[in-house]
2 protein chains.
Amino acid sequence: MPQLGLLRGRAWTVLLGQLRRPPGSVCIRAVRSHSQGTRDLSPQQMVVREKILDVIVSCFKRHGAKGLDTPAFELKEMLTEKYGEDSGLIYDLKDQGGELLSLRYDLTVPFARYLAMNKVKKMKRYHVGKVWRRESPTKVQGRYREFYQCDFDIAGQFDPMIPDAECLKIMCEILSGLQLGDFLIKVNDRRILDGIFAVCGVPESKFHAICSSVDKLDKISWKDVRHEMVVKKGLAPEVADQIGDYVQCHGGISLVEQMFQDPRLSQNKQVLEGLGDLKLLFEYLTLFGVAEKVSFDLSLARGLDYYTGVIYEAVLLQTPVHAKEEPLNVGSVAAGGRYDGLVGMFDPRGHKVPCVGLSIGVERIFSILEQRMKTFGEKIRTTETQVFVATPQKNFLQERLKLIAELWDAGIKAELMYKNNPKLLPQLHYCENMGIPLVVITGEQELKEGVITLRSVASREEVAIKRENLVAEIQKRLSES
Amino acid sequence: MPQLGLLRGRAWTVLLGQLRRPPGSVCIRAVRSHSQGTRDLSPQQMVVREKILDVIVSCFKRHGAKGLDTPAFELKEMLTEKYGEDSGLIYDLKDQGGELLSLRYDLTVPFARYLAMNKVKKMKRYHVGKVWRRESPTKVQGRYREFYQCDFDIAGQFDPMIPDAECLKIMCEILSGLQLGDFLIKVNDRRILDGIFAVCGVPESKFHAICSSVDKLDKISWKDVRHEMVVKKGLAPEVADQIGDYVQCHGGISLVEQMFQDPRLSQNKQVLEGLGDLKLLFEYLTLFGVAEKVSFDLSLARGLDYYTGVIYEAVLLQTPVHAKEEPLNVGSVAAGGRYDGLVGMFDPRGHKVPCVGLSIGVERIFSILEQRMKTFGEKIRTTETQVFVATPQKNFLQERLKLIAELWDAGIKAELMYKNNPKLLPQLHYCENMGIPLVVITGEQELKEGVITLRSVASREEVAIKRENLVAEIQKRLSES
């Protein structure tokens with residue numbers, strides 16, 4: 001659901017094709033490349049991505065979510081005033097007559113629009129899809145302009161913090177399931193931040209701007225954030241210092257208790273609501289067995305305008321899983337929070353539907369898993385072919401075509417060489433290279449005897465099978481392996 | 001791969017949400033709808049689409065294809081001069097600085113660009129993804145501006161017609177697998193059409209324009225096509241009449257033989273090449289057991305500029321599968337052909353990679369299957385939840401949360417009500433409505449005895465299971481069902 005400002009993967013190869021381009025061909029780059037900040041996914045990469053998406057979607061389904069899909073573009077006006085300082089990164093479509101359109105910037109706003117438009121009051125849905133953000137050219141080397149998000153959201157009026165706790169449980173299940181090493185989920189609450197701003201004396205008109213500054217604490221130091229608050233955003237230095245005392249705190253459930261005791265914060269209604277919810281959240285997380293993965297972190301702000309309550313962000317910790325691996329600073333890989341006002345913005349009567357959700361950033365996870373596969377030299381099969389239909393002899397195309405059609409019709413994954421008279425060795429080499437386990441060989445001898453030679457690629461063993469038993473024998477072998 | 005000008009599904013509900021909009025709310029339409037010609041897919045619809053895509057992708061994998069993904073937008077210049085008369089339907093992105101971009105119009109041109117950019121000489125790939133076409137507002141009621149294509153293509157230099165025959169075999173497997181009723185695949189060859197135009201005396205500069213007119217023969221009568229040729233495209237009436245004699249022919253392999261005997265056509269080198277290939281194609285299709293599904297149809301032209309050889313299009317025949325169903329004219333559901341020159345257009349040195357492929361139009365298939373489900377009142381499960389964790393008593397949230405976490409951690413798909421004190425009946429009703437097969441019930445009695453009540457929703461039978469055996473018992477039940 002939420003914006004993942006930090007979730008773009010690093011471009012470990014920025015433009016795949018460029019690396020393979022011969023020198024001297026730079027001038028014709030424009031006629032053969034894709035656009036900046038986007039990439040093609042090769043078959044090897046597709047296999048990795050499919051595995052990641054499979055873990056994520058399985059988890060979403062395990063928690064009872066329904067699927068939903070929305071268009072790639074929305075009416076431009078739907079996206080305005082939803083993303084705060086990042087709104088300039090929205091891709092607009094050219095005005096070619098008709099409606100003004102923009103590419104979706106996340107999956108949360110389209111979900112809220114869907115709920116309002118269809119008057120849905122309650123829904124647990126997941127959505128896996130691409131989103132687009134026009135990152136500035138100077139930044140684009142490290143980020144993608146097109147990337148996948150995997151969102152899970154719970155919409156509806158429920159007893160407090162039960163859905164919120166489930167969202168955090170889901171993040172833990174997915175990050176554990178993907179075996180990305182150790183991770184930590186930072187939580188905070190927008191009401192606590194707003195309360196801190198209020199008791200420190202920030203004018204209400206500056207809450208959003210100051211929140212954006214706090215959001216940068218994971219990238220730049222408090223000193224720099226303070227400088228931005230005072231110089232760029234016109235905050236009194238002593239107010240900034242008071243904020244600094246609070247937002248540099250982090251800890252577990254005990255920090256929640258400690259904040260309850262804070263003489264100034266405990267006077268603020270919003271803070272008390274936020275702390276009360278966080279206390280309940282930690283209680284539920286303990287029952288779910290994931291409380292030790294979660295840290296109350298007052299520096300967490302999340303850039304987006306639409307959050308109204310608890311917010312969270314998962315970061316990978318630096319210890320690599322295996323000693324052989326180089327540590328990789330990947331930062332945030334999942335994030336989310338509660339946004340109780342967004343659906344109401346799309347409803348003509350302002351009817352609210354409270355929502356909470358999370359978004360998994362696939363690109364960073366992808367780059368970690370890809371790097372790991374490279375480190376370990378893992379070979380990835382890019383096809384699922386089970387049987388190759390071969391011949392050692394000329395003029396056997398007809399026989400091979402009849403044979404392979406029989407296999408396909410029986411649901412067996414099969415390939416052959418698109419040649420009238422292929423040589424046997426290249427056919428067998430292809431099977432070894434592609435990891436195809438079985439070869440079916442037909443030739444004059446086989447035809448005369450009414451048999452087919454079935455060869456195991458791994459053991460190189462060959463047996464003669466009666467022609468009419470071939471499909472059954474292959475199915476038996478495949479079910480055993 | 002190829003453009004499916006005819007493949008957009010009819011908008012059986014044009015704008016889902018609009019139908020549910022209360023009267024009097026028209027004025028605020030803009031703040032809560034999606035853009036014209038697009039739609040959201042509800043959970044029910046998502047299940048139908050997933051099933052369709054599963055049949056299609058399984059078939060592609062059965063034929064040894066690798067996955068590939070390309071960005072939603074391409075550099076604008078990549079798409080120019082590829083789509084003939086339809087180029088005006090391309091969505092451009094607004095110039096916000098940087099490169100000029102357009103949304104992809106099909107999956108074929110990005111595939112050709114990928115091959116050229118990475119110097120890939122041989123590849124069998126599939127690609128399932130959305131494409132976008134700016135259909136005019138008057139047409140948009142019956143067509144979508146965003147829709148899925150499922151493409152399979154074979155790139156590389158091979159012996160003639162073996163990959164082409166496999167493409168037709170795949171179309172047959174998919175259309176049979178989806179149980180869409182009877183279908184027919186029309187085939188023709190661009191070289192035969194060009195040869196006919198040449199021998200009839202069409203100036204070469206008019207080949208594309210006349211080809212576009214012929215392409216309309218499945219929608220309008222020969223009389224109207226002839227009128228367009230003569231009046232709009234300036235063809236001599238006697239030339240049009242000669243073309244008419246040819247393009248109204250269709251038949252099986254015997255028509256190929258007959259055309260070989262035609263005194264004028266047999267003088268044309270291109271025609272002879274095309275007929276020779278079609279003869280070979282029919283031979284292979286016979287070996288694949290699908291020749292009777294294929295008809296040589298001289299009226300088939302396909303709108304796109306990039307085809308160079310054999311072209312084909314699958315149409316559903318009118319007989320409904322079940323007598324109860326209303327016949328639905330859905331027209332073309334799959335199409336494709338050979339495009340040997342497209343990759344060369346992206347290569348700086350013009351190196352060619354011959355390609356042949358097919359594209360399945362999901363939207364029409366979707367509307368047929370959805371209509372069928374409505375007719376038969378089939379109920380679709382939109383979640384996969386296996387177990388519901390319930391309680392008849394107050395103050396059992398903690399116990400339920402501990403229980404459900406245990407199920408999730410064991411990989412069991414489970415839900416509970418997000419309420420502190422839910423009533424039992426609504427919990428059981430939810431299971432019946434959602435088709436959840438098992439309920440786990442905990443309460444004071446169970447807690448005291450160290451057991452859990454396991455209830456089958458269908459039979460309403462309840463048994464007490466020892467708390468520590470619960471996961472094993474559920475897994476046993478699920479594996480048996």
# chains A, B, ... in the order shown; residues from 1 in each chain; ligands from 1
$ residues_around --residues "Gly276 in chain A" --least-positions-apart "3" --cutoff "12 Å" --atoms "only C-alpha atoms" --output "list in words"
Pro160, Met161, Asn188, Asp189, Arg191, Ile192, Ile253, Val256, Glu257, Met259, Phe260, Ser266, Lys269, Gln270, Val271, Leu272, Glu273, Lys279, Leu280, Leu281, Phe282, Glu283, Gly309 and Val310 of chain A
$ closest_atom_pairs --of "chain A" --to "chain B" --cutoff "6 Å" --atoms "only C-alpha atoms" --output "JSON lines"
{"residue": "A:Gly17", "atom": "CA", "partner": "B:Asn118", "partner_atom": "CA", "distance": 5.4}
{"residue": "A:Arg32", "atom": "CA", "partner": "B:Phe346", "partner_atom": "CA", "distance": 5.4}
{"residue": "A:His34", "atom": "CA", "partner": "B:Glu74", "partner_atom": "CA", "distance": 5.8}
{"residue": "A:Ser35", "atom": "CA", "partner": "B:Leu75", "partner_atom": "CA", "distance": 5.6}
{"residue": "A:Asp40", "atom": "CA", "partner": "B:Thr70", "partner_atom": "CA", "distance": 4.4}
{"residue": "A:Leu41", "atom": "CA", "partner": "B:Asp69", "partner_atom": "CA", "distance": 5.0}
{"residue": "A:Ser42", "atom": "CA", "partner": "B:Leu68", "partner_atom": "CA", "distance": 5.5}
{"residue": "A:Pro43", "atom": "CA", "partner": "B:Gly67", "partner_atom": "CA", "distance": 5.1}
{"residue": "A:Arg62", "atom": "CA", "partner": "B:Lys413", "partner_atom": "CA", "distance": 3.9}
{"residue": "A:His63", "atom": "CA", "partner": "B:Ala414", "partner_atom": "CA", "distance": 5.9}
{"residue": "A:Gly64", "atom": "CA", "partner": "B:Thr385", "partner_atom": "CA", "distance": 5.3}
{"residue": "A:Lys66", "atom": "CA", "partner": "B:Thr383", "partner_atom": "CA", "distance": 5.4}
{"residue": "A:Gly67", "atom": "CA", "partner": "B:Pro43", "partner_atom": "CA", "distance": 5.1}
{"residue": "A:Leu68", "atom": "CA", "partner": "B:Pro43", "partner_atom": "CA", "distance": 5.3}
{"residue": "A:Asp69", "atom": "CA", "partner": "B:Leu41", "partner_atom": "CA", "distance": 5.0}
{"residue": "A:Thr70", "atom": "CA", "partner": "B:Asp40", "partner_atom": "CA", "distance": 4.4}
{"residue": "A:Glu74", "atom": "CA", "partner": "B:His34", "partner_atom": "CA", "distance": 5.8}
{"residue": "A:Leu75", "atom": "CA", "partner": "B:Ser35", "partner_atom": "CA", "distance": 5.6}
{"residue": "A:Asp92", "atom": "CA", "partner": "B:Lys94", "partner_atom": "CA", "distance": 5.5}
{"residue": "A:Leu93", "atom": "CA", "partner": "B:Leu93", "partner_atom": "CA", "distance": 4.1}
{"residue": "A:Lys94", "atom": "CA", "partner": "B:Lys94", "partner_atom": "CA", "distance": 3.9}
{"residue": "A:Met117", "atom": "CA", "partner": "B:Arg32", "partner_atom": "CA", "distance": 5.5}
{"residue": "A:Asn118", "atom": "CA", "partner": "B:Gly17", "partner_atom": "CA", "distance": 5.5}
{"residue": "A:Phe158", "atom": "CA", "partner": "B:Tyr418", "partner_atom": "CA", "distance": 5.7}
{"residue": "A:Asp159", "atom": "CA", "partner": "B:Lys419", "partner_atom": "CA", "distance": 5.2}
{"residue": "A:Ile162", "atom": "CA", "partner": "B:Tyr418", "partner_atom": "CA", "distance": 5.8}
{"residue": "A:Leu287", "atom": "CA", "partner": "B:Lys402", "partner_atom": "CA", "distance": 5.2}
{"residue": "A:Phe288", "atom": "CA", "partner": "B:Ala405", "partner_atom": "CA", "distance": 5.3}
{"residue": "A:Phe346", "atom": "CA", "partner": "B:Arg32", "partner_atom": "CA", "distance": 5.4}
{"residue": "A:Thr382", "atom": "CA", "partner": "B:Lys66", "partner_atom": "CA", "distance": 5.7}
{"residue": "A:Thr383", "atom": "CA", "partner": "B:Lys66", "partner_atom": "CA", "distance": 5.4}
{"residue": "A:Thr385", "atom": "CA", "partner": "B:Gly64", "partner_atom": "CA", "distance": 5.4}
{"residue": "A:Lys402", "atom": "CA", "partner": "B:Leu287", "partner_atom": "CA", "distance": 5.3}
{"residue": "A:Ala405", "atom": "CA", "partner": "B:Phe288", "partner_atom": "CA", "distance": 5.4}
{"residue": "A:Lys413", "atom": "CA", "partner": "B:Arg62", "partner_atom": "CA", "distance": 3.9}
{"residue": "A:Ala414", "atom": "CA", "partner": "B:His63", "partner_atom": "CA", "distance": 5.9}
{"residue": "A:Tyr418", "atom": "CA", "partner": "B:Phe158", "partner_atom": "CA", "distance": 5.7}
{"residue": "A:Lys419", "atom": "CA", "partner": "B:Asp159", "partner_atom": "CA", "distance": 5.2}
$ write_last_selection --atoms "N, CA, C and O atoms" --output "short mmCIF file (atom, residue, chain, number, x, y, z; two decimals), in the first residue's frame"
data_model
loop_
_atom_site.label_atom_id
_atom_site.label_comp_id
_atom_site.auth_asym_id
_atom_site.auth_seq_id
_atom_site.Cartn_x
_atom_site.Cartn_y
_atom_site.Cartn_z
N GLY A 17 21.67 -3.90 -21.27
CA GLY A 17 22.21 -3.97 -22.62
C GLY A 17 23.47 -3.15 -22.81
O GLY A 17 24.36 -3.54 -23.55
N ARG A 32 18.28 1.82 -29.97
CA ARG A 32 18.17 0.43 -29.54
C ARG A 32 18.13 0.23 -28.03
O ARG A 32 18.28 -0.88 -27.56
N HIS A 34 16.27 0.94 -23.99
CA HIS A 34 15.01 1.31 -23.36
C HIS A 34 15.21 2.61 -22.60
O HIS A 34 16.30 3.17 -22.58
N SER A 35 14.16 3.09 -21.97
CA SER A 35 14.23 4.42 -21.38
C SER A 35 15.00 4.37 -20.06
O SER A 35 15.10 3.34 -19.42
N ASP A 40 14.81 -4.27 -18.74
CA ASP A 40 14.18 -5.53 -19.11
C ASP A 40 14.57 -6.56 -18.07
O ASP A 40 15.66 -6.50 -17.50
N LEU A 41 13.71 -7.55 -17.84
CA LEU A 41 14.09 -8.67 -16.99
C LEU A 41 14.35 -9.88 -17.88
O LEU A 41 13.47 -10.33 -18.60
N SER A 42 15.58 -10.38 -17.82
CA SER A 42 15.97 -11.55 -18.61
C SER A 42 15.29 -12.79 -18.04
O SER A 42 14.79 -12.77 -16.91
N PRO A 43 15.29 -13.89 -18.80
CA PRO A 43 14.69 -15.13 -18.27
C PRO A 43 15.26 -15.55 -16.92
O PRO A 43 14.49 -15.96 -16.03
N ARG A 62 -2.30 -16.78 2.62
CA ARG A 62 -2.36 -17.47 3.91
C ARG A 62 -3.14 -16.63 4.92
O ARG A 62 -3.74 -17.15 5.85
N HIS A 63 -3.13 -15.32 4.71
CA HIS A 63 -3.85 -14.43 5.63
C HIS A 63 -5.22 -14.03 5.08
O HIS A 63 -5.80 -13.04 5.52
N GLY A 64 -5.70 -14.79 4.09
CA GLY A 64 -7.07 -14.62 3.65
C GLY A 64 -7.34 -13.44 2.73
O GLY A 64 -8.50 -12.99 2.62
N LYS A 66 -7.90 -11.31 -0.73
CA LYS A 66 -8.42 -11.46 -2.09
C LYS A 66 -7.56 -10.65 -3.05
O LYS A 66 -7.00 -9.64 -2.67
N GLY A 67 -7.54 -11.06 -4.30
CA GLY A 67 -6.80 -10.31 -5.32
C GLY A 67 -7.61 -9.15 -5.85
O GLY A 67 -8.85 -9.14 -5.78
N LEU A 68 -6.93 -8.13 -6.36
CA LEU A 68 -7.60 -6.98 -6.96
C LEU A 68 -6.63 -6.40 -7.99
O LEU A 68 -5.42 -6.49 -7.83
N ASP A 69 -7.18 -5.86 -9.06
CA ASP A 69 -6.31 -5.18 -10.03
C ASP A 69 -6.94 -3.86 -10.42
O ASP A 69 -8.16 -3.74 -10.51
N THR A 70 -6.11 -2.85 -10.61
CA THR A 70 -6.58 -1.54 -11.05
C THR A 70 -5.75 -1.13 -12.26
O THR A 70 -4.67 -1.68 -12.49
N GLU A 74 -4.48 6.50 -13.71
CA GLU A 74 -5.66 7.03 -13.02
C GLU A 74 -5.92 8.43 -13.57
O GLU A 74 -5.04 9.05 -14.17
N LEU A 75 -7.13 8.93 -13.32
CA LEU A 75 -7.38 10.34 -13.60
C LEU A 75 -6.38 11.16 -12.79
O LEU A 75 -6.16 10.89 -11.60
N ASP A 92 2.86 12.08 -15.82
CA ASP A 92 1.60 12.43 -16.47
C ASP A 92 1.60 11.91 -17.89
O ASP A 92 2.65 11.83 -18.54
N LEU A 93 0.41 11.57 -18.41
CA LEU A 93 0.31 11.24 -19.82
C LEU A 93 0.08 12.53 -20.60
O LEU A 93 -0.40 13.53 -20.06
N LYS A 94 0.48 12.48 -21.86
CA LYS A 94 0.32 13.63 -22.72
C LYS A 94 -1.18 13.88 -22.95
O LYS A 94 -1.96 12.93 -23.03
N MET A 117 -15.36 4.20 -4.69
CA MET A 117 -16.17 4.13 -5.92
C MET A 117 -17.19 3.00 -5.85
O MET A 117 -18.29 3.12 -6.37
N ASN A 118 -16.83 1.90 -5.20
CA ASN A 118 -17.73 0.75 -5.13
C ASN A 118 -18.41 0.64 -3.77
O ASN A 118 -19.06 -0.37 -3.48
N PHE A 158 -12.67 -1.99 12.70
CA PHE A 158 -12.49 -3.17 13.56
C PHE A 158 -12.01 -2.74 14.94
O PHE A 158 -11.69 -1.58 15.16
N ASP A 159 -11.90 -3.70 15.85
CA ASP A 159 -11.34 -3.37 17.16
C ASP A 159 -9.87 -3.03 17.00
O ASP A 159 -9.18 -3.60 16.14
N ILE A 162 -5.81 -4.98 15.95
CA ILE A 162 -5.74 -6.39 15.54
C ILE A 162 -5.27 -6.48 14.07
O ILE A 162 -4.31 -7.19 13.79
N LEU A 287 1.96 -12.06 21.38
CA LEU A 287 1.15 -13.27 21.16
C LEU A 287 1.48 -13.90 19.80
O LEU A 287 1.46 -15.12 19.65
N PHE A 288 1.79 -13.07 18.80
CA PHE A 288 2.15 -13.57 17.48
C PHE A 288 3.60 -14.08 17.44
O PHE A 288 4.04 -14.63 16.44
N PHE A 346 -12.06 10.32 -1.46
CA PHE A 346 -12.64 9.95 -2.75
C PHE A 346 -14.15 9.83 -2.69
O PHE A 346 -14.80 9.64 -3.71
N THR A 382 15.85 -21.85 -16.75
CA THR A 382 14.92 -20.82 -17.23
C THR A 382 13.73 -21.42 -17.98
O THR A 382 12.82 -20.71 -18.37
N THR A 383 13.76 -22.74 -18.20
CA THR A 383 12.60 -23.41 -18.78
C THR A 383 12.25 -24.58 -17.87
O THR A 383 13.01 -24.93 -16.97
N THR A 385 11.20 -27.56 -19.30
CA THR A 385 11.12 -28.69 -20.23
C THR A 385 11.54 -30.00 -19.57
O THR A 385 12.57 -30.06 -18.90
N LYS A 402 5.27 -36.08 -34.86
CA LYS A 402 4.15 -36.89 -34.35
C LYS A 402 4.36 -37.22 -32.88
O LYS A 402 3.45 -37.12 -32.05
N ALA A 405 3.95 -34.12 -30.51
CA ALA A 405 2.55 -33.73 -30.36
C ALA A 405 1.85 -34.63 -29.35
O ALA A 405 1.03 -34.17 -28.55
N LYS A 413 5.97 -31.48 -20.83
CA LYS A 413 6.70 -30.33 -21.36
C LYS A 413 7.84 -30.82 -22.25
O LYS A 413 8.77 -31.48 -21.76
N ALA A 414 7.77 -30.52 -23.52
CA ALA A 414 8.72 -31.13 -24.47
C ALA A 414 9.20 -30.14 -25.51
O ALA A 414 8.49 -29.20 -25.89
N TYR A 418 14.47 -27.28 -34.20
CA TYR A 418 13.72 -26.88 -35.41
C TYR A 418 14.56 -27.07 -36.66
O TYR A 418 14.82 -26.13 -37.41
N LYS A 419 15.01 -28.32 -36.88
CA LYS A 419 15.87 -28.63 -38.02
C LYS A 419 15.38 -29.92 -38.65
O LYS A 419 14.97 -30.84 -37.95
#
$ atom_distance --atom1 "CA of Gly303 in chain A" --atom2 "CA of Ile210 in chain A"
10.4 Å
$ residues_around --residues "range 466-471 of chain A" --least-positions-apart "3" --cutoff "9 Å" --atoms "only C-alpha atoms" --output "PDB file with N, CA, C and O atoms, in the first residue's frame"
ATOM      1  N   GLU A 406       2.225 -35.900 -29.375  1.00  0.00           N
ATOM      2  CA  GLU A 406       1.663 -36.856 -28.419  1.00  0.00           C
ATOM      3  C   GLU A 406       2.047 -36.460 -26.981  1.00  0.00           C
ATOM      4  O   GLU A 406       1.219 -36.524 -26.069  1.00  0.00           O
ATOM      5  N   LEU A 407       3.291 -36.078 -26.808  1.00  0.00           N
ATOM      6  CA  LEU A 407       3.747 -35.664 -25.473  1.00  0.00           C
ATOM      7  C   LEU A 407       3.014 -34.397 -25.016  1.00  0.00           C
ATOM      8  O   LEU A 407       2.505 -34.319 -23.899  1.00  0.00           O
ATOM      9  N   ALA A 410      -0.379 -34.960 -23.912  1.00  0.00           N
ATOM     10  CA  ALA A 410      -0.454 -35.633 -22.615  1.00  0.00           C
ATOM     11  C   ALA A 410      -0.011 -34.702 -21.482  1.00  0.00           C
ATOM     12  O   ALA A 410       0.129 -35.134 -20.336  1.00  0.00           O
ATOM     13  N   ILE A 412       2.896 -33.185 -21.199  1.00  0.00           N
ATOM     14  CA  ILE A 412       4.337 -33.270 -20.914  1.00  0.00           C
ATOM     15  C   ILE A 412       5.054 -32.101 -21.586  1.00  0.00           C
ATOM     16  O   ILE A 412       4.767 -31.753 -22.731  1.00  0.00           O
ATOM     17  N   VAL A 440      13.996 -38.520 -25.521  1.00  0.00           N
ATOM     18  CA  VAL A 440      13.324 -39.576 -26.262  1.00  0.00           C
ATOM     19  C   VAL A 440      14.011 -39.633 -27.633  1.00  0.00           C
ATOM     20  O   VAL A 440      14.101 -38.619 -28.314  1.00  0.00           O
ATOM     21  N   GLU A 446      14.674 -48.036 -34.074  1.00  0.00           N
ATOM     22  CA  GLU A 446      13.516 -47.929 -33.182  1.00  0.00           C
ATOM     23  C   GLU A 446      12.205 -48.123 -33.968  1.00  0.00           C
ATOM     24  O   GLU A 446      11.301 -48.832 -33.533  1.00  0.00           O
ATOM     25  N   LEU A 447      12.154 -47.465 -35.129  1.00  0.00           N
ATOM     26  CA  LEU A 447      10.934 -47.534 -35.938  1.00  0.00           C
ATOM     27  C   LEU A 447      10.648 -48.982 -36.341  1.00  0.00           C
ATOM     28  O   LEU A 447       9.507 -49.447 -36.269  1.00  0.00           O
ATOM     29  N   GLU A 449      11.582 -51.689 -34.826  1.00  0.00           N
ATOM     30  CA  GLU A 449      11.234 -52.549 -33.686  1.00  0.00           C
ATOM     31  C   GLU A 449      10.005 -52.061 -32.920  1.00  0.00           C
ATOM     32  O   GLU A 449       9.613 -52.676 -31.917  1.00  0.00           O
ATOM     33  N   GLY A 450       9.430 -50.966 -33.366  1.00  0.00           N
ATOM     34  CA  GLY A 450       8.254 -50.438 -32.665  1.00  0.00           C
ATOM     35  C   GLY A 450       8.571 -49.931 -31.267  1.00  0.00           C
ATOM     36  O   GLY A 450       7.736 -50.009 -30.368  1.00  0.00           O
ATOM     37  N   VAL A 451       9.778 -49.436 -31.069  1.00  0.00           N
ATOM     38  CA  VAL A 451      10.169 -48.936 -29.747  1.00  0.00           C
ATOM     39  C   VAL A 451      10.692 -47.503 -29.849  1.00  0.00           C
ATOM     40  O   VAL A 451      10.807 -46.935 -30.932  1.00  0.00           O
ATOM     41  N   ILE A 452      10.962 -46.926 -28.684  1.00  0.00           N
ATOM     42  CA  ILE A 452      11.580 -45.612 -28.555  1.00  0.00           C
ATOM     43  C   ILE A 452      12.694 -45.770 -27.521  1.00  0.00           C
ATOM     44  O   ILE A 452      12.527 -46.514 -26.554  1.00  0.00           O
ATOM     45  N   THR A 453      13.828 -45.102 -27.751  1.00  0.00           N
ATOM     46  CA  THR A 453      14.882 -45.128 -26.746  1.00  0.00           C
ATOM     47  C   THR A 453      14.664 -43.977 -25.774  1.00  0.00           C
ATOM     48  O   THR A 453      14.536 -42.825 -26.191  1.00  0.00           O
ATOM     49  N   LEU A 454      14.588 -44.299 -24.472  1.00  0.00           N
ATOM     50  CA  LEU A 454      14.426 -43.266 -23.453  1.00  0.00           C
ATOM     51  C   LEU A 454      15.750 -43.131 -22.708  1.00  0.00           C
ATOM     52  O   LEU A 454      16.272 -44.107 -22.157  1.00  0.00           O
ATOM     53  N   ILE A 474       7.070 -42.169 -19.337  1.00  0.00           N
ATOM     54  CA  ILE A 474       7.601 -40.830 -19.022  1.00  0.00           C
ATOM     55  C   ILE A 474       6.886 -40.238 -17.810  1.00  0.00           C
ATOM     56  O   ILE A 474       7.516 -39.706 -16.893  1.00  0.00           O
ATOM     57  N   GLN A 475       5.574 -40.368 -17.793  1.00  0.00           N
ATOM     58  CA  GLN A 475       4.813 -39.823 -16.657  1.00  0.00           C
ATOM     59  C   GLN A 475       5.216 -40.501 -15.355  1.00  0.00           C
ATOM     60  O   GLN A 475       5.314 -39.847 -14.317  1.00  0.00           O
ATOM     61  N   LYS A 476       5.488 -41.806 -15.418  1.00  0.00           N
ATOM     62  CA  LYS A 476       5.936 -42.543 -14.235  1.00  0.00           C
ATOM     63  C   LYS A 476       7.282 -41.990 -13.757  1.00  0.00           C
ATOM     64  O   LYS A 476       7.456 -41.678 -12.579  1.00  0.00           O
TER      65      LYS A 476
END
$ select_by_dssp --residues "range 37-108 of chain B" --states "helix (DSSP H, G or I)" --output "PDB file with C-alpha atoms, in the first residue's frame"
ATOM      1  CA  PRO B  43     -11.707 -10.389  -6.610  1.00  0.00           C
ATOM      2  CA  GLN B  44     -14.232 -12.595  -8.457  1.00  0.00           C
ATOM      3  CA  GLN B  45     -12.916 -11.390 -11.789  1.00  0.00           C
ATOM      4  CA  MET B  46      -9.330 -11.822 -10.642  1.00  0.00           C
ATOM      5  CA  VAL B  47     -10.001 -15.510  -9.988  1.00  0.00           C
ATOM      6  CA  VAL B  48     -11.360 -15.945 -13.535  1.00  0.00           C
ATOM      7  CA  ARG B  49      -8.414 -14.108 -15.054  1.00  0.00           C
ATOM      8  CA  GLU B  50      -5.901 -16.103 -13.019  1.00  0.00           C
ATOM      9  CA  LYS B  51      -7.449 -19.325 -14.288  1.00  0.00           C
ATOM     10  CA  ILE B  52      -7.220 -18.168 -17.904  1.00  0.00           C
ATOM     11  CA  LEU B  53      -3.622 -17.001 -17.529  1.00  0.00           C
ATOM     12  CA  ASP B  54      -2.747 -20.278 -15.847  1.00  0.00           C
ATOM     13  CA  VAL B  55      -3.972 -22.325 -18.830  1.00  0.00           C
ATOM     14  CA  ILE B  56      -2.114 -20.059 -21.242  1.00  0.00           C
ATOM     15  CA  VAL B  57       1.185 -19.849 -19.356  1.00  0.00           C
ATOM     16  CA  SER B  58       1.171 -23.601 -18.672  1.00  0.00           C
ATOM     17  CA  CYS B  59       0.910 -24.189 -22.402  1.00  0.00           C
ATOM     18  CA  PHE B  60       3.739 -21.753 -23.156  1.00  0.00           C
ATOM     19  CA  LYS B  61       5.936 -23.537 -20.614  1.00  0.00           C
ATOM     20  CA  ARG B  62       4.952 -26.925 -22.038  1.00  0.00           C
ATOM     21  CA  LYS B  76       8.696   7.066 -28.336  1.00  0.00           C
ATOM     22  CA  GLU B  77      10.881   6.648 -31.411  1.00  0.00           C
ATOM     23  CA  MET B  78      10.936   2.857 -30.878  1.00  0.00           C
ATOM     24  CA  LEU B  79       7.248   2.612 -31.643  1.00  0.00           C
ATOM     25  CA  GLY B  84       0.680   1.298 -39.817  1.00  0.00           C
ATOM     26  CA  GLU B  85      -2.661   3.068 -39.679  1.00  0.00           C
ATOM     27  CA  ASP B  86      -3.044   2.373 -35.931  1.00  0.00           C
ATOM     28  CA  SER B  87      -0.048   4.475 -34.835  1.00  0.00           C
ATOM     29  CA  GLY B  88      -2.384   7.275 -33.767  1.00  0.00           C
ATOM     30  CA  LEU B  89      -3.638   5.056 -30.951  1.00  0.00           C
ATOM     31  CA  THR B 108       6.089  -7.707 -30.050  1.00  0.00           C
TER      32      THR B 108
END
